[in-house]
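Participant: Take a look at the following structure, please.
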Amino acid sequence: MNNIRTRMAPSPTGEMHVGSLATLLKNYAFAKKNGGQFILRIEDTDKEREVEGGVQAIQEIVRRYGLDWDEGPGKGGEYGPYIQSERLDIYKREVQTLIDNDKAYYCFCSKERLAEVKEQQMASKQPPHYDRHCRNISVDEAKKRVAAGEDYVIRLKVPADQEITFTDLLRGEITFHSNLIDDQVLLKSDGYPTYHLAVVIDDYLMKITHIMRGEEWISSTPKHVLLYQAFGWPVPVFAHIPVFLNPDGKGKMSKRKGMVSAASFLDRGYLPEAMLNFFMILGWAKKDQEEVISLEEYINEFDPSDLSSNSVAFDIKKLDWLNGVYIRKLSPEQLKEKITPFIAADFPADKIEQVLPLIQERLVTLADFNLLTKFFYGEINYETDLLLKKADSKEIVIQELNETITLLESLSDWSLTSLEEAIRGLQEKKDWHRGQFFMMLRIAVTGEKATPPLFETIMVLGKDLVLARLKTALDKLA
RNA sequence: GGCCCCAUCGUCUAGUGGUUAGGACAUCUGGUUUUCAUCCAGAUAACUGGGGUCCGAUUCCCCAUGGGGUCACCA
């Protein structure tokens, strides 16, 4: 097999969508599996929608997810430049050969006229279509008008009455009819290429062998095939990857229904490893059905033709589960490093290392840290009634609190074993109801019904804070 | 609406011309546990419908239905 080359070609028009990153992962894995190259190319041909810092942001997010590219911005490579706005002369040169070969033509229609034509077509219930008004203007005349300073675009001369068929790795042959395809604009009036022109030229010149992109590109593919044919270039292999649906399975995953940028998931405390793993198992299954998969295993086994051709719901619950799996796998050092950016600024630094093991298996995302640990410092608040839960009388609770305070005040060794021995001993000696007593203590000490193990928690809180809170509980009952 | 794509538990999937249709997440129930979480055990739950082909279709074909995508001088 010849050298496999894949690419991802995002536009710097905003934050990268999780779907784009999932597609990027597949391109990356397929290239790596075959010892080929994964290329990152920036498609910045829409200068109106481009956002500042966009090119940089793309590179940054790919790296934050732990991935990398072999050729592209910042890396160079044999087939550069890899930023389309730096390749304008290439597109002009190539489009000229199209004009010379009667595959493309100058069009002088104004946007106003185009809008009018469309409006009329809509009114008469015709499908909107460019009416090919300029298709038969001779090249000589066109050149005169260009020289006279008229605005123009270059359009593809789509042949009539042709079946256009291409092969999709997931779906097999797909056929479109050329009569349904517009004479696509190839070169815009500002001199920039459209996506359709640039993508074909670049994929050819960069020797891309496999085009894996979102399913939303299927209906554009016949235009690209036409272009390859017009240039006389071989058509690469296509694999159109199903889009992500909203978690409820309805509609393409969109900003309206939540955060969809690849960065936002990391910012909300999902681990890159968990995200990548999640992308792997959406629409694909490992041969042995295992769902916790390392990048290395994925690269070994992934093949685009095994991809499901269904659109898939972005199941946050499953992502949450995977994230928990990856968090639990972390060593204490790794956890501390990864969670530090999420820890509230006023959290007592000296307690972090003691607290982490208490909450590690309780974290769904790294950002849960503050919610799970807020009672380790600062004020706690709870309903007094909670102290009386399951208790026979208020007096018993008061007695329990008093005796616990006395016990802890005299406790010289504030270690886990000492605390457990003492408190458990007291409960057994007095024959207090276990569940009631420990829950009451938990509420008094943390203000929460669900916490890490009680003795560990008491130990980490420290003697002063624990005694103060027990006394506060007593006051609340008085 | 035109064109294109898709169709197995709620979700993501495995799978076969004859299977008790398997797994994971979610849900529910038990067990462990002073709570929660983890962990362990178990349960509920699917081949969209109708026609064919065939001795036999979830599997192959057609149609319907449903879902999705796309119809720019945006990518």
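Labeling convention for the structure tokens: chains A, B, ... as they appear, residues from 1 per chain, ligands from 1 in order of appearance.
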Among region 100-340 of chain A, which ones does DSSP assign to strand (DSSP E) (computed from the backbone)? Answer as a ChimeraX atom specification.
Facilitator: /A:104-107,153-156,163-168,172-177,185-187,210-214,237-241,244-245,312-313
Participant: Write out, as JSON lines, each residue of region 8-69 of chain B that has an atom at most 9 Å from region 236-258 of chain A, together with the closest pair of atoms and their distance in Å to one decimal, counting only C-alpha atoms (C1' of nucleotides), rows going by chain and rising number.
Facilitator:
{"residue": "B:U11", "atom": "C1'", "partner": "A:Gly249", "partner_atom": "CA", "distance": 8.4}
{"residue": "B:G67", "atom": "C1'", "partner": "A:Lys250", "partner_atom": "CA", "distance": 8.2}
{"residue": "B:G68", "atom": "C1'", "partner": "A:Gly251", "partner_atom": "CA", "distance": 7.3}
{"residue": "B:G69", "atom": "C1'", "partner": "A:Val243", "partner_atom": "CA", "distance": 8.6}
Participant: Taking C-alpha atoms (C1' of nucleotides) for each residue, export the selection above as a compact mmCIF listing (two decimals), in the first residue's frame.
Facilitator:
# COMPACT_ATOMS: atom_id res chain seq x y z
C1' U B 11 -28.24 5.63 24.39
C1' G B 67 -34.47 10.34 11.73
C1' G B 68 -30.30 13.07 9.84
C1' G B 69 -27.56 16.02 6.27
Participant: From the options B:U27, B:U70, B:U53, B:U58, which residue's atoms come nearest to chain A, counting only C-alpha atoms (C1' of nucleotides)?
Facilitator: B:U70
Participant: List the neighbours of Asp102 (chain A) out to 12 Å using only C-alpha atoms (C1' of nucleotides); skip same-chain residues closer than 2 positions along the sequence, and give me the result as a PyMOL selection string.
Facilitator: chain A and resi 95-100+104-106+135-139+154-159+230-231
Participant: Export N, CA and C atoms of the chosen residues as a compact mmCIF listing (two decimals), in the first residue's frame?
Facilitator:
# COMPACT_ATOMS: atom_id res chain seq x y z
N VAL A 95 -6.73 27.77 -11.28
CA VAL A 95 -8.04 28.11 -11.83
C VAL A 95 -7.88 28.59 -13.27
N GLN A 96 -6.73 29.15 -13.57
CA GLN A 96 -6.48 29.60 -14.94
C GLN A 96 -6.45 28.40 -15.90
N THR A 97 -5.91 27.30 -15.44
CA THR A 97 -5.89 26.13 -16.33
C THR A 97 -7.31 25.64 -16.58
N LEU A 98 -8.15 25.82 -15.58
CA LEU A 98 -9.55 25.44 -15.76
C LEU A 98 -10.21 26.31 -16.83
N ILE A 99 -9.94 27.61 -16.77
CA ILE A 99 -10.51 28.53 -17.76
C ILE A 99 -9.97 28.19 -19.15
N ASP A 100 -8.67 27.95 -19.20
CA ASP A 100 -8.04 27.62 -20.48
C ASP A 100 -8.64 26.37 -21.09
N ALA A 104 -14.22 26.26 -16.69
CA ALA A 104 -14.68 27.30 -15.77
C ALA A 104 -14.86 28.59 -16.55
N TYR A 105 -15.61 29.53 -16.01
CA TYR A 105 -15.87 30.77 -16.75
C TYR A 105 -16.01 31.97 -15.82
N TYR A 106 -15.81 33.12 -16.41
CA TYR A 106 -15.96 34.37 -15.68
C TYR A 106 -17.45 34.67 -15.52
N ARG A 135 -22.49 32.11 -18.49
CA ARG A 135 -21.78 30.90 -18.88
C ARG A 135 -21.23 30.96 -20.30
N ASN A 136 -21.91 31.71 -21.16
CA ASN A 136 -21.47 31.71 -22.56
C ASN A 136 -20.75 32.97 -23.00
N ILE A 137 -20.36 33.77 -22.03
CA ILE A 137 -19.55 34.93 -22.39
C ILE A 137 -18.18 34.43 -22.85
N SER A 138 -17.74 34.93 -23.98
CA SER A 138 -16.46 34.44 -24.51
C SER A 138 -15.31 34.90 -23.63
N VAL A 139 -14.24 34.15 -23.66
CA VAL A 139 -13.09 34.48 -22.83
C VAL A 139 -12.54 35.86 -23.22
N ILE A 154 -15.14 33.41 -10.64
CA ILE A 154 -14.96 32.30 -11.59
C ILE A 154 -15.88 31.17 -11.16
N ARG A 155 -16.63 30.67 -12.10
CA ARG A 155 -17.55 29.57 -11.79
C ARG A 155 -17.15 28.29 -12.52
N LEU A 156 -17.51 27.19 -11.91
CA LEU A 156 -17.27 25.88 -12.54
C LEU A 156 -18.35 25.64 -13.60
N LYS A 157 -17.91 25.16 -14.76
CA LYS A 157 -18.84 24.84 -15.83
C LYS A 157 -19.30 23.39 -15.61
N VAL A 158 -20.39 23.25 -14.89
CA VAL A 158 -20.86 21.90 -14.58
C VAL A 158 -21.46 21.26 -15.83
N PRO A 159 -20.97 20.09 -16.21
CA PRO A 159 -21.48 19.44 -17.43
C PRO A 159 -22.92 18.99 -17.26
N ALA A 230 -12.10 17.76 -13.85
CA ALA A 230 -11.75 18.91 -14.68
C ALA A 230 -10.24 19.13 -14.70
N PHE A 231 -9.63 18.88 -13.56
CA PHE A 231 -8.17 19.04 -13.48
C PHE A 231 -7.45 17.83 -14.07
Participant: Define the interface residues of chain B facing chain A as those within 6 Å, counting only C-alpha atoms (C1' of nucleotides), and report them as a list in words.
Facilitator: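 The complete set of qualifying residues is C6, C12, C25, U34, U35, C36, A37, U38, G69, U70 and C73 of chain B.
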Participant: Could you find all residues in region 170-403 of chain A that DSSP calls alpha helix (DSSP H) from the backbone, and write them as a tab-separated table (two decimals) with N, CA and C atoms, in the first residue's frame?
Facilitator:
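Everything below was put into part.tsv:
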chain	number	residue	atom	x	y	z
A	195	TYR	N	-14.13	27.28	-0.64
A	195	TYR	CA	-13.72	26.02	-0.04
A	195	TYR	C	-13.55	24.94	-1.11
A	196	HIS	N	-14.53	24.87	-2.00
A	196	HIS	CA	-14.54	23.77	-2.98
A	196	HIS	C	-13.28	23.74	-3.85
A	197	LEU	N	-12.86	24.91	-4.26
A	197	LEU	CA	-11.66	24.99	-5.10
A	197	LEU	C	-10.42	24.68	-4.28
A	198	ALA	N	-10.32	25.35	-3.14
A	198	ALA	CA	-9.10	25.24	-2.34
A	198	ALA	C	-8.90	23.82	-1.82
A	199	VAL	N	-9.99	23.20	-1.41
A	199	VAL	CA	-9.85	21.88	-0.80
A	199	VAL	C	-9.36	20.86	-1.83
A	200	VAL	N	-9.86	20.98	-3.04
A	200	VAL	CA	-9.46	20.02	-4.06
A	200	VAL	C	-8.00	20.23	-4.46
A	201	ILE	N	-7.65	21.47	-4.67
A	201	ILE	CA	-6.28	21.77	-5.07
A	201	ILE	C	-5.29	21.35	-3.98
A	202	ASP	N	-5.61	21.72	-2.75
A	202	ASP	CA	-4.68	21.42	-1.66
A	202	ASP	C	-4.58	19.92	-1.38
A	203	ASP	N	-5.72	19.26	-1.37
A	203	ASP	CA	-5.66	17.82	-1.10
A	203	ASP	C	-4.84	17.12	-2.19
A	204	TYR	N	-4.98	17.61	-3.41
A	204	TYR	CA	-4.18	17.00	-4.48
A	204	TYR	C	-2.71	17.33	-4.32
A	205	LEU	N	-2.42	18.60	-4.16
A	205	LEU	CA	-1.01	19.00	-4.08
A	205	LEU	C	-0.32	18.46	-2.83
A	221	THR	N	-19.55	16.70	-2.21
A	221	THR	CA	-18.53	15.84	-2.81
A	221	THR	C	-18.63	15.74	-4.34
A	222	PRO	N	-19.85	15.66	-4.91
A	222	PRO	CA	-19.89	15.62	-6.38
A	222	PRO	C	-19.23	16.84	-7.03
A	223	LYS	N	-19.34	17.99	-6.38
A	223	LYS	CA	-18.67	19.18	-6.92
A	223	LYS	C	-17.16	18.96	-6.93
A	224	HIS	N	-16.69	18.33	-5.86
A	224	HIS	CA	-15.25	18.10	-5.77
A	224	HIS	C	-14.81	17.08	-6.79
A	225	VAL	N	-15.63	16.06	-6.99
A	225	VAL	CA	-15.30	15.04	-7.99
A	225	VAL	C	-15.22	15.67	-9.37
A	226	LEU	N	-16.18	16.54	-9.65
A	226	LEU	CA	-16.18	17.26	-10.93
A	226	LEU	C	-14.88	18.05	-11.12
A	227	LEU	N	-14.45	18.64	-10.03
A	227	LEU	CA	-13.22	19.43	-10.05
A	227	LEU	C	-12.00	18.54	-10.30
A	228	TYR	N	-11.94	17.42	-9.61
A	228	TYR	CA	-10.83	16.49	-9.84
A	228	TYR	C	-10.81	16.09	-11.31
A	229	GLN	N	-12.00	15.81	-11.85
A	229	GLN	CA	-12.08	15.41	-13.25
A	229	GLN	C	-11.66	16.55	-14.17
A	230	ALA	N	-12.10	17.76	-13.85
A	230	ALA	CA	-11.75	18.91	-14.68
A	230	ALA	C	-10.24	19.13	-14.70
A	231	PHE	N	-9.63	18.88	-13.56
A	231	PHE	CA	-8.17	19.04	-13.48
A	231	PHE	C	-7.45	17.83	-14.07
A	262	ALA	N	-14.71	22.12	21.73
A	262	ALA	CA	-13.78	21.12	22.27
A	262	ALA	C	-13.09	21.66	23.52
A	263	ALA	N	-12.83	22.94	23.52
A	263	ALA	CA	-12.15	23.53	24.67
A	263	ALA	C	-13.05	23.56	25.90
A	264	SER	N	-14.33	23.79	25.68
A	264	SER	CA	-15.22	23.96	26.83
A	264	SER	C	-15.31	22.69	27.66
A	265	PHE	N	-15.20	21.54	27.04
A	265	PHE	CA	-15.26	20.30	27.81
A	265	PHE	C	-14.04	20.17	28.73
A	266	LEU	N	-12.89	20.55	28.23
A	266	LEU	CA	-11.70	20.51	29.08
A	266	LEU	C	-11.82	21.53	30.20
A	267	ASP	N	-12.37	22.67	29.85
A	267	ASP	CA	-12.54	23.73	30.86
A	267	ASP	C	-13.55	23.33	31.93
A	272	PRO	N	-8.75	15.05	28.75
A	272	PRO	CA	-8.58	14.82	27.31
A	272	PRO	C	-8.63	13.33	26.96
A	273	GLU	N	-8.03	12.51	27.81
A	273	GLU	CA	-8.02	11.07	27.54
A	273	GLU	C	-9.43	10.51	27.51
A	274	ALA	N	-10.26	10.99	28.43
A	274	ALA	CA	-11.64	10.51	28.48
A	274	ALA	C	-12.41	10.99	27.26
A	275	MET	N	-12.15	12.22	26.85
A	275	MET	CA	-12.81	12.76	25.67
A	275	MET	C	-12.44	11.95	24.44
A	276	LEU	N	-11.15	11.70	24.27
A	276	LEU	CA	-10.70	10.94	23.10
A	276	LEU	C	-11.33	9.55	23.12
A	277	ASN	N	-11.33	8.91	24.29
A	277	ASN	CA	-11.92	7.58	24.42
A	277	ASN	C	-13.41	7.63	24.04
A	278	PHE	N	-14.06	8.67	24.48
A	278	PHE	CA	-15.48	8.83	24.16
A	278	PHE	C	-15.68	8.98	22.64
A	279	PHE	N	-14.84	9.77	22.02
A	279	PHE	CA	-14.92	9.93	20.56
A	279	PHE	C	-14.72	8.58	19.87
A	280	MET	N	-13.83	7.78	20.43
A	280	MET	CA	-13.53	6.48	19.81
A	280	MET	C	-14.77	5.59	19.77
A	281	ILE	N	-15.48	5.54	20.90
A	281	ILE	CA	-16.57	4.56	21.00
A	281	ILE	C	-17.91	5.08	20.52
A	295	LEU	N	-5.19	5.37	23.50
A	295	LEU	CA	-4.93	5.89	22.16
A	295	LEU	C	-4.11	4.90	21.35
A	296	GLU	N	-3.18	4.27	22.03
A	296	GLU	CA	-2.32	3.31	21.35
A	296	GLU	C	-3.13	2.11	20.80
A	297	GLU	N	-4.01	1.60	21.65
A	297	GLU	CA	-4.85	0.48	21.20
A	297	GLU	C	-5.74	0.90	20.04
A	298	TYR	N	-6.23	2.11	20.13
A	298	TYR	CA	-7.12	2.62	19.09
A	298	TYR	C	-6.37	2.69	17.75
A	299	ILE	N	-5.18	3.28	17.81
A	299	ILE	CA	-4.39	3.40	16.61
A	299	ILE	C	-4.12	2.03	15.99
A	300	ASN	N	-3.88	1.06	16.85
A	300	ASN	CA	-3.62	-0.30	16.35
A	300	ASN	C	-4.79	-0.89	15.60
A	301	GLU	N	-5.99	-0.55	16.05
A	301	GLU	CA	-7.14	-1.27	15.53
A	301	GLU	C	-8.06	-0.46	14.63
A	316	ILE	N	-23.95	12.28	27.19
A	316	ILE	CA	-23.14	12.87	28.26
A	316	ILE	C	-22.97	11.90	29.44
A	317	LYS	N	-23.99	11.09	29.70
A	317	LYS	CA	-23.91	10.14	30.81
A	317	LYS	C	-22.75	9.17	30.62
A	318	LYS	N	-22.58	8.74	29.39
A	318	LYS	CA	-21.49	7.81	29.13
A	318	LYS	C	-20.14	8.52	29.23
A	319	LEU	N	-20.11	9.75	28.80
A	319	LEU	CA	-18.90	10.55	28.93
A	319	LEU	C	-18.55	10.71	30.40
A	320	ASP	N	-19.56	11.00	31.21
A	320	ASP	CA	-19.35	11.17	32.65
A	320	ASP	C	-18.75	9.90	33.25
A	321	TRP	N	-19.30	8.78	32.85
A	321	TRP	CA	-18.79	7.50	33.35
A	321	TRP	C	-17.32	7.32	32.95
A	322	LEU	N	-17.03	7.57	31.68
A	322	LEU	CA	-15.66	7.41	31.21
A	322	LEU	C	-14.72	8.36	31.94
A	323	ASN	N	-15.17	9.59	32.15
A	323	ASN	CA	-14.32	10.56	32.82
A	323	ASN	C	-13.99	10.07	34.23
A	324	GLY	N	-15.01	9.50	34.91
A	324	GLY	CA	-14.78	8.93	36.24
A	324	GLY	C	-13.77	7.80	36.19
A	325	VAL	N	-13.89	6.97	35.20
A	325	VAL	CA	-12.94	5.85	35.05
A	325	VAL	C	-11.51	6.39	34.95
A	326	TYR	N	-11.34	7.44	34.11
A	326	TYR	CA	-10.00	7.98	33.93
A	326	TYR	C	-9.50	8.73	35.16
A	327	ILE	N	-10.41	9.39	35.86
A	327	ILE	CA	-10.00	10.10	37.08
A	327	ILE	C	-9.52	9.09	38.13
A	328	ARG	N	-10.25	7.99	38.27
A	328	ARG	CA	-9.88	6.99	39.28
A	328	ARG	C	-8.54	6.33	38.97
A	329	LYS	N	-8.17	6.34	37.69
A	329	LYS	CA	-6.89	5.72	37.29
A	329	LYS	C	-5.68	6.59	37.63
A	332	PRO	N	-1.89	9.85	42.70
A	332	PRO	CA	-2.09	11.07	43.50
A	332	PRO	C	-1.41	12.29	42.89
A	333	GLU	N	-0.21	12.09	42.36
A	333	GLU	CA	0.52	13.21	41.78
A	333	GLU	C	-0.18	13.73	40.52
A	334	GLN	N	-0.61	12.78	39.70
A	334	GLN	CA	-1.28	13.18	38.46
A	334	GLN	C	-2.57	13.92	38.77
A	335	LEU	N	-3.32	13.38	39.72
A	335	LEU	CA	-4.59	14.01	40.07
A	335	LEU	C	-4.36	15.43	40.56
A	336	LYS	N	-3.37	15.58	41.42
A	336	LYS	CA	-3.11	16.91	41.96
A	336	LYS	C	-2.77	17.89	40.84
A	337	GLU	N	-1.93	17.45	39.95
A	337	GLU	CA	-1.52	18.32	38.86
A	337	GLU	C	-2.70	18.72	37.98
A	338	LYS	N	-3.53	17.75	37.65
A	338	LYS	CA	-4.63	18.04	36.73
A	338	LYS	C	-5.76	18.83	37.37
A	339	ILE	N	-5.93	18.65	38.67
A	339	ILE	CA	-7.08	19.28	39.30
A	339	ILE	C	-6.77	20.67	39.82
A	352	ILE	N	-4.94	20.23	50.55
A	352	ILE	CA	-5.26	19.64	49.25
A	352	ILE	C	-4.85	18.18	49.15
A	353	GLU	N	-3.62	17.90	49.52
A	353	GLU	CA	-3.14	16.52	49.37
A	353	GLU	C	-3.87	15.53	50.25
A	354	GLN	N	-4.37	15.99	51.40
A	354	GLN	CA	-5.12	15.09	52.28
A	354	GLN	C	-6.53	14.85	51.75
A	355	VAL	N	-7.06	15.88	51.11
A	355	VAL	CA	-8.44	15.82	50.65
A	355	VAL	C	-8.59	14.99	49.37
A	356	LEU	N	-7.61	15.08	48.50
A	356	LEU	CA	-7.75	14.44	47.19
A	356	LEU	C	-8.09	12.95	47.25
A	357	PRO	N	-7.38	12.17	48.06
A	357	PRO	CA	-7.75	10.75	48.09
A	357	PRO	C	-9.16	10.51	48.61
A	358	LEU	N	-9.68	11.47	49.39
A	358	LEU	CA	-11.03	11.30	49.92
A	358	LEU	C	-12.10	11.51	48.86
A	359	ILE	N	-11.77	12.26	47.81
A	359	ILE	CA	-12.80	12.58	46.83
A	359	ILE	C	-12.55	11.98	45.45
A	369	PHE	N	-14.50	19.31	42.28
A	369	PHE	CA	-13.70	19.44	43.49
A	369	PHE	C	-14.32	20.40	44.50
A	370	ASN	N	-14.66	21.58	44.05
A	370	ASN	CA	-15.13	22.61	45.00
A	370	ASN	C	-16.44	22.23	45.66
A	371	LEU	N	-17.31	21.61	44.87
A	371	LEU	CA	-18.60	21.20	45.42
A	371	LEU	C	-18.41	20.14	46.51
A	372	LEU	N	-17.48	19.24	46.27
A	372	LEU	CA	-17.29	18.12	47.19
A	372	LEU	C	-16.48	18.49	48.43
A	373	THR	N	-15.83	19.63	48.38
A	373	THR	CA	-14.89	19.93	49.47
A	373	THR	C	-15.17	21.25	50.17
A	394	LYS	N	-34.59	14.90	71.18
A	394	LYS	CA	-33.58	15.94	71.09
A	394	LYS	C	-32.55	15.76	72.20
A	395	GLU	N	-33.00	15.33	73.36
A	395	GLU	CA	-32.12	15.18	74.51
A	395	GLU	C	-30.99	14.19	74.23
A	396	ILE	N	-31.34	13.11	73.56
A	396	ILE	CA	-30.31	12.13	73.24
A	396	ILE	C	-29.24	12.72	72.35
A	397	VAL	N	-29.68	13.49	71.36
A	397	VAL	CA	-28.71	14.11	70.45
A	397	VAL	C	-27.81	15.07	71.20
A	398	ILE	N	-28.41	15.84	72.09
A	398	ILE	CA	-27.61	16.78	72.89
A	398	ILE	C	-26.59	16.02	73.74
A	399	GLN	N	-27.05	14.92	74.29
A	399	GLN	CA	-26.14	14.10	75.10
A	399	GLN	C	-25.00	13.54	74.24
A	400	GLU	N	-25.37	13.06	73.05
A	400	GLU	CA	-24.36	12.51	72.14
A	400	GLU	C	-23.31	13.57	71.79
A	401	LEU	N	-23.79	14.76	71.52
A	401	LEU	CA	-22.87	15.84	71.15
A	401	LEU	C	-21.96	16.20	72.31
A	402	ASN	N	-22.56	16.35	73.48
A	402	ASN	CA	-21.77	16.71	74.66
A	402	ASN	C	-20.67	15.69	74.95
A	403	GLU	N	-21.05	14.44	74.91
A	403	GLU	CA	-20.06	13.41	75.24
A	403	GLU	C	-18.99	13.30	74.16
Participant: Smallest atom-to-atom distance to Arg132 (chain A): which of A:Leu25, A:Ala468, A:Ala160, A:Cys107, using only C-alpha atoms?
Facilitator: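 Using only C-alpha atoms, the shortest distance to Arg132 (chain A) belongs to A:Cys107.
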Participant: In Å, rounded to a single decimal, give me how far CA of Ile405 (chain A) is from CA of Ala391 (chain A).
Facilitator: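 Taking CA of Ala391 (chain A) and CA of Ile405 (chain A), their separation equals 18.4 Å.
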Participant: Could you check which of B:C60, B:C9, B:A72, B:A21 is closest to Ala115 (chain A), using only C-alpha atoms (C1' of nucleotides)?
Facilitator: B:A72
